[in-house]
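Peer 1: Data: protein.txt, compact mmCIF, C-alpha atoms.
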# COMPACT_ATOMS: atom_id res chain seq x y z
CA MET A 1 20.52 29.15 -17.41
CA LYS A 2 19.77 26.81 -14.51
CA THR A 3 17.90 23.60 -15.36
CA LEU A 4 16.19 21.27 -12.91
CA ASP A 5 16.57 17.49 -12.77
CA VAL A 6 13.17 15.81 -12.53
CA GLU A 7 14.36 12.96 -10.30
CA ALA A 8 16.07 15.37 -7.91
CA VAL A 9 12.92 17.52 -7.62
CA GLN A 10 10.82 14.40 -7.09
CA ALA A 11 13.16 13.26 -4.31
CA PHE A 12 12.86 16.68 -2.63
CA VAL A 13 9.04 16.64 -2.75
CA LEU A 14 8.87 13.12 -1.31
CA VAL A 15 11.27 13.98 1.53
CA ALA A 16 9.17 17.07 2.25
CA ASP A 17 5.91 15.09 2.23
CA PHE A 18 7.13 12.18 4.34
CA GLN A 19 9.59 14.18 6.46
CA SER A 20 11.71 11.08 6.08
CA PHE A 21 14.57 10.03 3.80
CA THR A 22 13.66 6.39 4.52
CA ARG A 23 10.07 6.72 3.25
CA ALA A 24 11.17 8.77 0.25
CA ALA A 25 13.72 6.09 -0.68
CA GLU A 26 11.06 3.41 -0.29
CA ALA A 27 8.66 5.31 -2.56
CA LEU A 28 11.33 5.65 -5.26
CA ASP A 29 12.63 2.09 -4.77
CA THR A 30 16.14 3.34 -4.06
CA SER A 31 18.49 3.94 -1.13
CA GLN A 32 18.66 6.78 1.40
CA ALA A 33 22.13 7.56 0.09
CA ALA A 34 20.75 8.01 -3.44
CA ILE A 35 18.03 10.33 -2.12
CA SER A 36 20.64 12.38 -0.27
CA MET A 37 22.73 12.69 -3.44
CA LYS A 38 19.73 13.81 -5.52
CA LEU A 39 18.79 16.38 -2.89
CA LYS A 40 22.35 17.71 -2.67
CA ARG A 41 22.47 18.00 -6.46
CA LEU A 42 19.27 20.03 -6.41
CA GLU A 43 20.46 22.27 -3.56
CA ASP A 44 23.78 22.86 -5.35
CA ARG A 45 21.92 23.72 -8.56
CA LEU A 46 19.65 26.21 -6.80
CA GLY A 47 22.29 27.51 -4.41
CA GLU A 48 19.85 27.10 -1.52
CA LYS A 49 19.50 24.81 1.50
CA LEU A 50 16.09 23.15 1.10
CA ILE A 51 16.02 20.49 3.83
CA GLU A 52 17.26 20.71 7.41
CA ARG A 53 18.22 17.28 8.75
CA THR A 54 19.19 16.16 12.25
CA PRO A 55 19.38 12.60 13.68
CA ARG A 56 15.80 12.99 14.94
CA LEU A 57 14.19 15.51 12.59
CA VAL A 58 13.75 16.19 8.89
CA ARG A 59 12.07 19.47 7.99
CA LEU A 60 11.92 22.12 5.29
CA SER A 61 14.10 25.19 5.52
CA ALA A 62 12.44 28.54 4.91
CA ARG A 63 13.62 28.45 1.27
CA GLY A 64 12.52 24.84 0.96
CA ALA A 65 9.00 25.76 2.08
CA GLU A 66 8.91 28.50 -0.55
CA PHE A 67 10.14 26.12 -3.25
CA LEU A 68 7.76 23.23 -2.45
CA ASN A 69 4.69 24.42 -4.38
CA VAL A 70 6.88 25.43 -7.32
CA ALA A 71 8.41 21.95 -7.26
CA ARG A 72 4.95 20.34 -7.28
CA ASP A 73 3.92 22.47 -10.27
CA PHE A 74 7.13 21.51 -12.06
CA LEU A 75 6.50 17.78 -11.54
CA ALA A 76 2.84 18.09 -12.57
CA ALA A 77 3.83 19.88 -15.77
CA HIS A 78 6.38 17.17 -16.50
CA GLU A 79 3.80 14.42 -15.99
CA ARG A 80 1.28 16.20 -18.24
CA ALA A 81 3.93 16.49 -20.94
CA MET A 82 4.81 12.81 -20.65
CA ALA A 83 1.13 11.83 -20.71
CA GLY A 84 0.69 13.86 -23.89
CA LEU A 85 3.39 11.79 -25.57
CA SER A 86 1.82 8.51 -24.52
CA ALA A 87 -0.58 6.78 -26.89
CA THR A 88 -2.46 5.04 -24.09
CA SER A 89 -4.04 6.29 -20.89
CA ARG A 90 -3.00 4.66 -17.63
CA ARG A 91 -5.38 3.47 -14.93
CA LEU A 92 -4.80 2.10 -11.44
CA THR A 93 -7.69 0.03 -10.08
CA LEU A 94 -7.14 -0.31 -6.35
CA GLY A 95 -9.20 -2.28 -3.83
CA ILE A 96 -9.09 -1.34 -0.14
CA ALA A 97 -10.73 -3.42 2.56
CA ASP A 98 -13.60 -1.73 4.37
CA GLN A 99 -11.98 -2.31 7.77
CA ILE A 100 -8.77 -0.64 6.50
CA ALA A 101 -10.04 2.40 4.56
CA GLY A 102 -9.88 4.96 7.36
CA PRO A 103 -9.45 8.70 7.82
CA GLU A 104 -6.08 8.68 6.03
CA LEU A 105 -7.63 7.73 2.67
CA PRO A 106 -7.80 11.35 1.37
CA MET A 107 -4.11 11.79 2.20
CA LEU A 108 -3.19 8.56 0.37
CA LEU A 109 -5.11 9.61 -2.73
CA ALA A 110 -3.53 13.05 -2.62
CA ARG A 111 -0.06 11.48 -2.52
CA LEU A 112 -0.95 9.24 -5.47
CA HIS A 113 -2.20 12.19 -7.49
CA ALA A 114 0.80 14.33 -6.60
CA HIS A 115 3.14 11.55 -7.69
CA ASP A 116 1.38 11.02 -11.03
CA PRO A 117 -1.32 13.58 -11.94
CA ALA A 118 -1.99 11.82 -15.27
CA LEU A 119 -2.93 8.53 -13.60
CA LEU A 120 -6.64 7.60 -13.58
CA ILE A 121 -7.30 6.24 -10.08
CA GLU A 122 -10.23 3.89 -9.47
CA VAL A 123 -10.84 2.79 -5.88
CA GLN A 124 -13.16 0.03 -4.73
CA ILE A 125 -14.05 -0.52 -1.06
CA GLY A 126 -15.20 -3.96 0.05
CA ALA A 127 -14.57 -7.01 2.20
CA SER A 128 -11.04 -8.43 2.16
CA ARG A 129 -12.20 -11.82 0.87
CA SER A 130 -14.20 -10.31 -2.00
CA LEU A 131 -11.36 -7.97 -2.98
CA LEU A 132 -8.88 -10.84 -2.97
CA ASP A 133 -11.19 -12.81 -5.27
CA ASP A 134 -11.43 -9.80 -7.60
CA PHE A 135 -7.65 -9.41 -7.53
CA ASP A 136 -7.06 -13.07 -8.31
CA ARG A 137 -9.33 -12.95 -11.35
CA GLY A 138 -7.62 -9.81 -12.66
CA ALA A 139 -10.33 -7.25 -11.91
CA LEU A 140 -7.99 -5.24 -9.62
CA ASP A 141 -4.44 -4.07 -10.26
CA ALA A 142 -3.73 -3.92 -6.54
CA ALA A 143 -5.49 -4.59 -3.24
CA ILE A 144 -4.83 -3.55 0.37
CA VAL A 145 -6.52 -6.16 2.53
CA ARG A 146 -6.36 -8.09 5.77
CA ARG A 147 -4.34 -11.30 5.52
CA GLU A 148 -6.81 -14.10 4.92
CA ASP A 149 -6.38 -17.73 6.01
CA ASP A 150 -2.90 -19.17 5.37
CA ARG A 151 -2.16 -17.06 2.30
CA ARG A 152 1.43 -15.80 2.46
CA ASP A 153 1.93 -13.79 -0.73
CA GLY A 154 1.85 -10.01 -0.91
CA GLU A 155 3.79 -7.25 0.87
CA LEU A 156 3.29 -6.58 4.58
CA LEU A 157 2.33 -2.94 5.14
CA SER A 158 1.49 -2.89 8.83
CA GLN A 159 -0.33 -4.59 11.66
CA GLU A 160 -3.77 -3.46 12.81
CA ARG A 161 -5.01 -3.55 16.42
CA PHE A 162 -8.64 -4.48 17.08
CA GLY A 163 -10.85 -3.98 20.10
CA TRP A 164 -14.46 -4.00 21.28
CA PHE A 165 -16.11 -0.58 20.97
CA ALA A 166 -19.46 0.82 22.08
CA ALA A 167 -21.21 4.09 22.88
CA PRO A 168 -20.27 5.47 26.33
CA GLY A 169 -23.75 4.74 27.68
CA PHE A 170 -23.98 1.19 26.36
CA GLU A 171 -25.06 -1.32 29.01
CA ARG A 172 -25.28 -5.10 28.96
CA ARG A 173 -27.83 -6.40 31.44
CA GLU A 174 -26.82 -9.39 33.54
CA GLY A 175 -27.66 -12.64 31.82
CA GLU A 176 -28.46 -11.16 28.41
CA PRO A 177 -26.34 -12.00 25.34
CA LEU A 178 -23.91 -9.43 24.06
CA ARG A 179 -25.52 -7.39 21.27
CA LEU A 180 -23.26 -7.23 18.20
CA ALA A 181 -23.07 -5.01 15.13
CA SER A 182 -20.92 -6.25 12.26
CA LEU A 183 -20.48 -6.46 8.53
CA SER A 184 -21.89 -9.36 6.53
CA ALA A 185 -21.66 -12.94 7.71
CA PHE A 186 -18.72 -13.39 5.34
CA CYS A 187 -16.60 -10.69 7.04
CA GLY A 188 -13.31 -12.05 8.36
CA VAL A 189 -13.26 -9.68 11.36
CA ARG A 190 -16.77 -10.77 12.30
CA ASN A 191 -15.72 -14.43 12.21
CA ILE A 192 -12.63 -13.75 14.34
CA ALA A 193 -14.74 -11.80 16.85
CA THR A 194 -17.47 -14.42 17.18
CA ARG A 195 -14.90 -17.22 17.55
CA ALA A 196 -13.24 -15.24 20.35
CA LEU A 197 -16.58 -14.83 22.11
CA ASP A 198 -17.43 -18.51 21.71
CA GLY A 199 -13.97 -19.47 23.00
CA ALA A 200 -14.52 -17.32 26.10
CA SER A 201 -18.07 -18.69 26.58
CA VAL A 202 -19.61 -15.25 26.08
CA SER A 203 -23.13 -15.51 24.68
CA TRP A 204 -23.93 -13.10 21.84
CA VAL A 205 -26.65 -12.13 19.43
CA GLU A 206 -26.34 -10.18 16.20
CA VAL A 207 -28.68 -7.19 16.15
CA PHE A 208 -27.23 -5.21 13.24
CA LEU A 209 -25.61 -6.11 9.91
CA GLY A 210 -24.17 -3.26 7.86
CA GLY A 211 -23.35 -3.12 4.19
CA GLY A 212 -20.24 -1.06 4.97
CA MET A 213 -18.18 0.27 7.86
CA ALA A 214 -20.06 3.57 7.83
CA ALA A 215 -23.27 1.71 8.69
CA VAL A 216 -21.60 -0.45 11.35
CA THR A 217 -19.92 2.49 13.10
CA ALA A 218 -23.22 4.40 12.98
CA ALA A 219 -24.97 1.53 14.78
CA VAL A 220 -22.21 1.35 17.40
CA THR A 221 -22.23 5.13 17.90
CA ALA A 222 -26.04 5.07 18.26
CA GLY A 223 -25.74 2.59 21.15
CA LEU A 224 -27.42 -0.33 19.38
CA ALA A 225 -24.59 -2.77 19.91
CA VAL A 226 -20.90 -3.48 20.43
CA GLY A 227 -18.61 -3.66 17.40
CA ALA A 228 -15.25 -5.33 16.83
CA LEU A 229 -13.34 -2.46 15.19
CA ALA A 230 -9.81 -1.51 14.32
CA HIS A 231 -8.63 1.15 16.78
CA ARG A 232 -7.72 3.39 13.84
CA VAL A 233 -11.22 3.44 12.32
CA ALA A 234 -13.23 3.56 15.56
CA PRO A 235 -15.32 6.74 15.32
CA ILE A 236 -14.97 9.68 17.67
CA GLY A 237 -17.35 9.32 20.61
CA VAL A 238 -17.14 5.55 21.12
CA VAL A 239 -15.06 3.87 23.81
CA GLU A 240 -13.17 0.60 24.18
CA VAL A 241 -15.26 -1.68 26.43
CA SER A 242 -13.26 -4.93 26.59
CA GLU A 243 -12.42 -4.59 30.28
CA LYS A 244 -15.77 -3.08 31.30
CA LEU A 245 -17.77 -5.90 29.70
CA GLY A 246 -15.27 -8.71 30.33
CA LEU A 247 -14.73 -9.44 26.63
CA PRO A 248 -11.85 -11.52 25.25
CA PRO A 249 -8.90 -9.81 23.51
CA LEU A 250 -8.90 -9.76 19.72
CA PRO A 251 -5.77 -10.74 17.80
CA PRO A 252 -4.01 -8.17 15.61
CA SER A 253 -4.43 -8.40 11.86
CA LYS A 254 -1.74 -8.08 9.19
CA ILE A 255 -2.39 -5.54 6.41
CA ILE A 256 -1.11 -6.82 3.07
CA LEU A 257 -0.58 -5.17 -0.33
CA HIS A 258 -1.13 -7.39 -3.37
CA SER A 259 -0.17 -6.08 -6.81
CA THR A 260 0.24 -7.27 -10.40
CA LEU A 261 1.50 -3.95 -11.79
CA SER A 262 4.47 -4.26 -14.11
CA ASP A 263 5.01 -0.89 -15.81
CA PRO A 264 7.55 1.25 -13.91
CA ARG A 265 5.39 4.40 -13.59
CA SER A 266 2.39 2.58 -12.10
CA ARG A 267 4.64 0.62 -9.76
CA GLY A 268 6.20 3.90 -8.70
CA ALA A 269 2.78 5.29 -7.85
CA LEU A 270 2.02 2.18 -5.81
CA ARG A 271 5.33 2.45 -3.94
CA THR A 272 4.41 6.02 -3.05
CA LEU A 273 1.06 4.79 -1.73
CA ALA A 274 2.70 2.03 0.33
CA ALA A 275 5.23 4.45 1.82
CA ALA A 276 2.47 6.92 2.73
CA PHE A 277 0.45 4.10 4.31
CA ARG A 278 3.41 3.01 6.48
CA GLU A 279 4.24 6.60 7.38
CA HIS A 280 0.67 7.24 8.57
CA ARG A 281 0.71 4.07 10.69
CA ALA A 282 4.07 5.03 12.19
CA SER A 283 2.73 8.47 13.13
CA ILE A 284 -0.23 6.83 14.93
CA VAL A 285 2.06 4.49 16.86
Using structure tokens, write down the structure from this file.
Peer 2:
Amino acid sequence: MKTLDVEAVQAFVLVADFQSFTRAAEALDTSQAAISMKLKRLEDRLGEKLIERTPRLVRLSARGAEFLNVARDFLAAHERAMAGLSATSRRLTLGIADQIAGPELPMLLARLHAHDPALLIEVQIGASRSLLDDFDRGALDAAIVRREDDRRDGELLSQERFGWFAAPGFERREGEPLRLASLSAFCGVRNIATRALDGASVSWVEVFLGGGMAAVTAAVTAGLAVGALAHRVAPIGVVEVSEKLGLPPLPPSKIILHSTLSDPRSRGALRTLAAAFREHRASIV
């Protein structure tokens, strides 16, 4: 009777999800060569070619596509069995900065759940500074935030581009200050944006403060003001107005992952999240 190796099946599912041996190896904290060996072992065991790989493309074969859902069910059953043997439940408390939590968040959570269905996931959305404070006092297991001040710890995930966005019909009358919508006065992006305006001698006035990015993007979309937003989270329907309004460029921002997780299974889940985050950014670029 054929038996399946859990690690080999897990490697196959990650390669299928990421369409990348590099990202799969990153998620499992191993090498591409090790992933290739696990996949070959699985294909030899099943007698089927599951992944088609060329120098530029990684994709499922027809048999691989058929096997994928079965493989997910197999891994989920394994995780449920392991959770049943554990005396303690496991929780991951993750903070994600408001300016970072974008349209890919459902995909990231789905990857986390697929990797470890028994893991209780708690997500908090907030300002980078507040989340870092929570992380430092032990209230968060991990945080994905903008790099703040001169702090140099944490793992670099990606770099975020920012710009000035407004509704297509937004107009700034000659001589009037630029109307701004932003998060609270303690928001790091707001401070960077206002310093850039002051440095370029552009007068401004704050006309909207939002308690979250949903409120800020709503105000920008409604035409109330201009917002300094990451290109990735700018809502559909707004336009970049830096050149039109003569506004100064905004510097990019580094996205950093901080973590205190020590147990191997939770760290594995976090590696999967980090790999998915990088993969999504790479697909945008």
Peer 1: Using all atoms listed in the file, find each residue in segment 2-67 of chain A having at least one atom no more than 10 Å away from segment 93-114 of chain A; report its shortest atom-to-atom pair and that distance in Å (one decimal), rows by chain then rising number, as a tab-separated table.
Peer 2:
residue	atom	partner	partner_atom	distance
A:Val13	CA	A:Ala114	CA	9.4
A:Leu14	CA	A:Arg111	CA	9.2
A:Asp17	CA	A:Arg111	CA	8.4
A:Phe18	CA	A:Arg111	CA	10.0
Peer 1: May I have the residues from that selection written out with C-alpha atoms, as a short mmCIF file (atom, residue, chain, number, x, y, z; two decimals), keeping the file's coordinate frame?
Peer 2:
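File again36.cif, as written:
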data_model
loop_
_atom_site.label_atom_id
_atom_site.label_comp_id
_atom_site.auth_asym_id
_atom_site.auth_seq_id
_atom_site.Cartn_x
_atom_site.Cartn_y
_atom_site.Cartn_z
CA VAL A 13 9.04 16.64 -2.75
CA LEU A 14 8.87 13.12 -1.31
CA ASP A 17 5.91 15.09 2.23
CA PHE A 18 7.13 12.18 4.34
#
Peer 1: From the list A:Ile35, A:Val9, A:Asp29, A:Arg146, which residue is nearest Ala71 of chain A when using all atoms listed in the file?
Peer 2: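 Closest candidate: A:Val9.
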Peer 1: Quick check, in Å to one decimal: how far apart do atom CA of Leu46 of chain A and atom CA of Glu26 of chain A lie?
Peer 2: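 Between atom CA of Leu46 of chain A and atom CA of Glu26 of chain A the gap is 25.2 Å.
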Peer 1: With only C-alpha atoms as the counted atoms, please give the residues lying no more than 8 Å from Thr22 of chain A, apart from itself and same-chain residues fewer than 2 positions off, as a ChimeraX atom specification.
Peer 2: /A:20,24-26,31-32
Peer 1: Counting only C-alpha atoms, which residues have an atom no more than 12 Å from (18.1, 19.3, 7.4) in the file's coordinates? Please list them as a PyMOL selection string.
Peer 2: chain A and resi 12+15-16+19-21+36+39-40+43+48-64
Peer 1: Pick out the closest residue to Glu240 of chain A from this set: A:Leu180, A:Leu270, A:Ile144, A:Ala167. Count all atoms listed in the file.
Peer 2: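 Of A:Leu180, A:Leu270, A:Ile144, A:Ala167, the one nearest Glu240 of chain A, counting all atoms listed in the file, is A:Ala167.
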Peer 1: Quick one, how far is atom CA of Ala8 of chain A from atom CA of Ile121 of chain A?
Peer 2: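 For atom CA of Ala8 of chain A relative to atom CA of Ile121 of chain A, the distance reads 25.2 Å.
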Peer 1: Quick one: pull the distance between atom CA of Arg190 of chain A and atom CA of Ser242 of chain A, Å, one decimal.
Peer 2: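 Rounded to one decimal, the two atoms are 15.8 Å apart.
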Peer 1: Rank A:Asp150, A:Arg72, A:Leu250, A:Phe135 by their smallest atom-to-atom distance to His231 of chain A, using all atoms listed in the file, and report the top residue only.
Peer 2: A:Leu250
Peer 1: For each of A:Leu247, A:Gly237, A:Leu92, A:Glu174, take the minimum atom-to-atom distance to Leu273 of chain A, counting all atoms listed in the file, then give the residue where this is smallest.
Peer 2: A:Leu92
Peer 1: Nearest to Val202 of chain A among A:Gly227, A:Lys2, A:Leu245, A:Cys187, with distances taken over all atoms listed in the file: which residue is it?
Peer 2: A:Leu245
Peer 1: So, counting only C-alpha atoms, which residue among A:Asp116, A:Asp136, A:Asp141, A:Asp73 is closest to Ser262 of chain A?
Peer 2: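 Counting only C-alpha atoms, the residue closest to Ser262 of chain A is A:Asp141.
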Peer 1: What lies within 12 Å of Val241 of chain A using all atoms listed in the file, ignoring chain neighbours under 6 positions off, as a list in words?
Peer 2: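 Contacts, in chain order: Phe162, Gly163, Trp164, Phe165, Ala166, Ala167, Pro168, Gly169, Phe170, Glu171, Arg172, Leu178, Val220, Ala225, Val226, Gly227, Ala228, Leu229, Leu247, Pro248 and Pro249 of chain A.
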Peer 1: Could segment 129-140 of chain A be completed with all heavy atoms and returned as a CSV table (one decimal), keeping the file's coordinate frame?
Peer 2:
chain,number,residue,atom,x,y,z
A,129,ARG,N,-12.1,-10.6,1.6
A,129,ARG,CA,-12.2,-11.8,0.9
A,129,ARG,C,-12.7,-11.5,-0.5
A,129,ARG,O,-12.2,-12.1,-1.5
A,129,ARG,CB,-13.2,-12.7,1.6
A,129,ARG,CG,-13.4,-14.1,0.9
A,129,ARG,CD,-12.2,-15.0,1.1
A,129,ARG,NE,-11.3,-14.9,-0.1
A,129,ARG,CZ,-10.1,-15.4,-0.1
A,129,ARG,NH1,-9.6,-16.0,1.0
A,129,ARG,NH2,-9.4,-15.3,-1.2
A,130,SER,N,-13.7,-10.6,-0.7
A,130,SER,CA,-14.2,-10.3,-2.0
A,130,SER,C,-13.2,-9.6,-2.9
A,130,SER,O,-13.0,-9.9,-4.0
A,130,SER,CB,-15.4,-9.4,-1.9
A,130,SER,OG,-16.5,-10.1,-1.2
A,131,LEU,N,-12.4,-8.7,-2.2
A,131,LEU,CA,-11.4,-8.0,-3.0
A,131,LEU,C,-10.2,-8.9,-3.4
A,131,LEU,O,-9.7,-8.8,-4.5
A,131,LEU,CB,-10.8,-6.8,-2.1
A,131,LEU,CG,-11.7,-5.7,-1.8
A,131,LEU,CD1,-11.1,-4.7,-0.9
A,131,LEU,CD2,-12.2,-5.0,-3.1
A,132,LEU,N,-9.9,-9.9,-2.6
A,132,LEU,CA,-8.9,-10.8,-3.0
A,132,LEU,C,-9.4,-11.7,-4.2
A,132,LEU,O,-8.6,-12.0,-5.1
A,132,LEU,CB,-8.5,-11.7,-1.8
A,132,LEU,CG,-7.4,-11.3,-0.9
A,132,LEU,CD1,-7.2,-12.3,0.3
A,132,LEU,CD2,-6.1,-11.2,-1.7
A,133,ASP,N,-10.6,-12.1,-4.1
A,133,ASP,CA,-11.2,-12.8,-5.3
A,133,ASP,C,-11.1,-12.0,-6.5
A,133,ASP,O,-10.8,-12.5,-7.6
A,133,ASP,CB,-12.6,-13.2,-5.0
A,133,ASP,CG,-12.7,-14.3,-3.9
A,133,ASP,OD1,-11.7,-15.0,-3.6
A,133,ASP,OD2,-13.8,-14.5,-3.3
A,134,ASP,N,-11.5,-10.7,-6.4
A,134,ASP,CA,-11.4,-9.8,-7.6
A,134,ASP,C,-10.0,-9.7,-8.1
A,134,ASP,O,-9.7,-9.6,-9.3
A,134,ASP,CB,-12.0,-8.4,-7.2
A,134,ASP,CG,-13.5,-8.4,-7.1
A,134,ASP,OD1,-14.1,-9.4,-7.5
A,134,ASP,OD2,-14.0,-7.5,-6.5
A,135,PHE,N,-9.1,-9.5,-7.1
A,135,PHE,CA,-7.6,-9.4,-7.5
A,135,PHE,C,-7.2,-10.7,-8.2
A,135,PHE,O,-6.5,-10.6,-9.3
A,135,PHE,CB,-6.8,-9.1,-6.3
A,135,PHE,CG,-5.3,-9.2,-6.5
A,135,PHE,CD1,-4.7,-8.1,-7.1
A,135,PHE,CD2,-4.6,-10.3,-6.2
A,135,PHE,CE1,-3.3,-8.1,-7.3
A,135,PHE,CE2,-3.2,-10.3,-6.4
A,135,PHE,CZ,-2.6,-9.2,-7.0
A,136,ASP,N,-7.5,-11.8,-7.7
A,136,ASP,CA,-7.1,-13.1,-8.3
A,136,ASP,C,-7.6,-13.3,-9.7
A,136,ASP,O,-6.9,-13.9,-10.6
A,136,ASP,CB,-7.5,-14.3,-7.4
A,136,ASP,CG,-6.6,-14.3,-6.2
A,136,ASP,OD1,-5.5,-13.8,-6.1
A,136,ASP,OD2,-7.1,-15.0,-5.2
A,137,ARG,N,-8.8,-12.8,-10.0
A,137,ARG,CA,-9.3,-13.0,-11.4
A,137,ARG,C,-9.0,-11.8,-12.3
A,137,ARG,O,-9.5,-11.7,-13.4
A,137,ARG,CB,-10.8,-13.2,-11.3
A,137,ARG,CG,-11.7,-12.0,-10.8
A,137,ARG,CD,-13.1,-12.4,-10.7
A,137,ARG,NE,-14.0,-11.3,-10.2
A,137,ARG,CZ,-14.4,-10.3,-10.9
A,137,ARG,NH1,-14.2,-10.2,-12.2
A,137,ARG,NH2,-15.2,-9.4,-10.3
A,138,GLY,N,-8.1,-10.9,-11.8
A,138,GLY,CA,-7.6,-9.8,-12.7
A,138,GLY,C,-8.5,-8.6,-12.7
A,138,GLY,O,-8.2,-7.7,-13.6
A,139,ALA,N,-9.5,-8.4,-11.9
A,139,ALA,CA,-10.3,-7.2,-11.9
A,139,ALA,C,-9.7,-6.1,-11.2
A,139,ALA,O,-10.2,-4.9,-11.3
A,139,ALA,CB,-11.7,-7.6,-11.3
A,140,LEU,N,-8.7,-6.3,-10.4
A,140,LEU,CA,-8.0,-5.2,-9.6
A,140,LEU,C,-6.5,-5.3,-9.9
A,140,LEU,O,-5.9,-6.4,-10.0
A,140,LEU,CB,-8.2,-5.4,-8.1
A,140,LEU,CG,-9.6,-5.3,-7.5
A,140,LEU,CD1,-9.6,-5.6,-6.1
A,140,LEU,CD2,-10.1,-3.8,-7.8
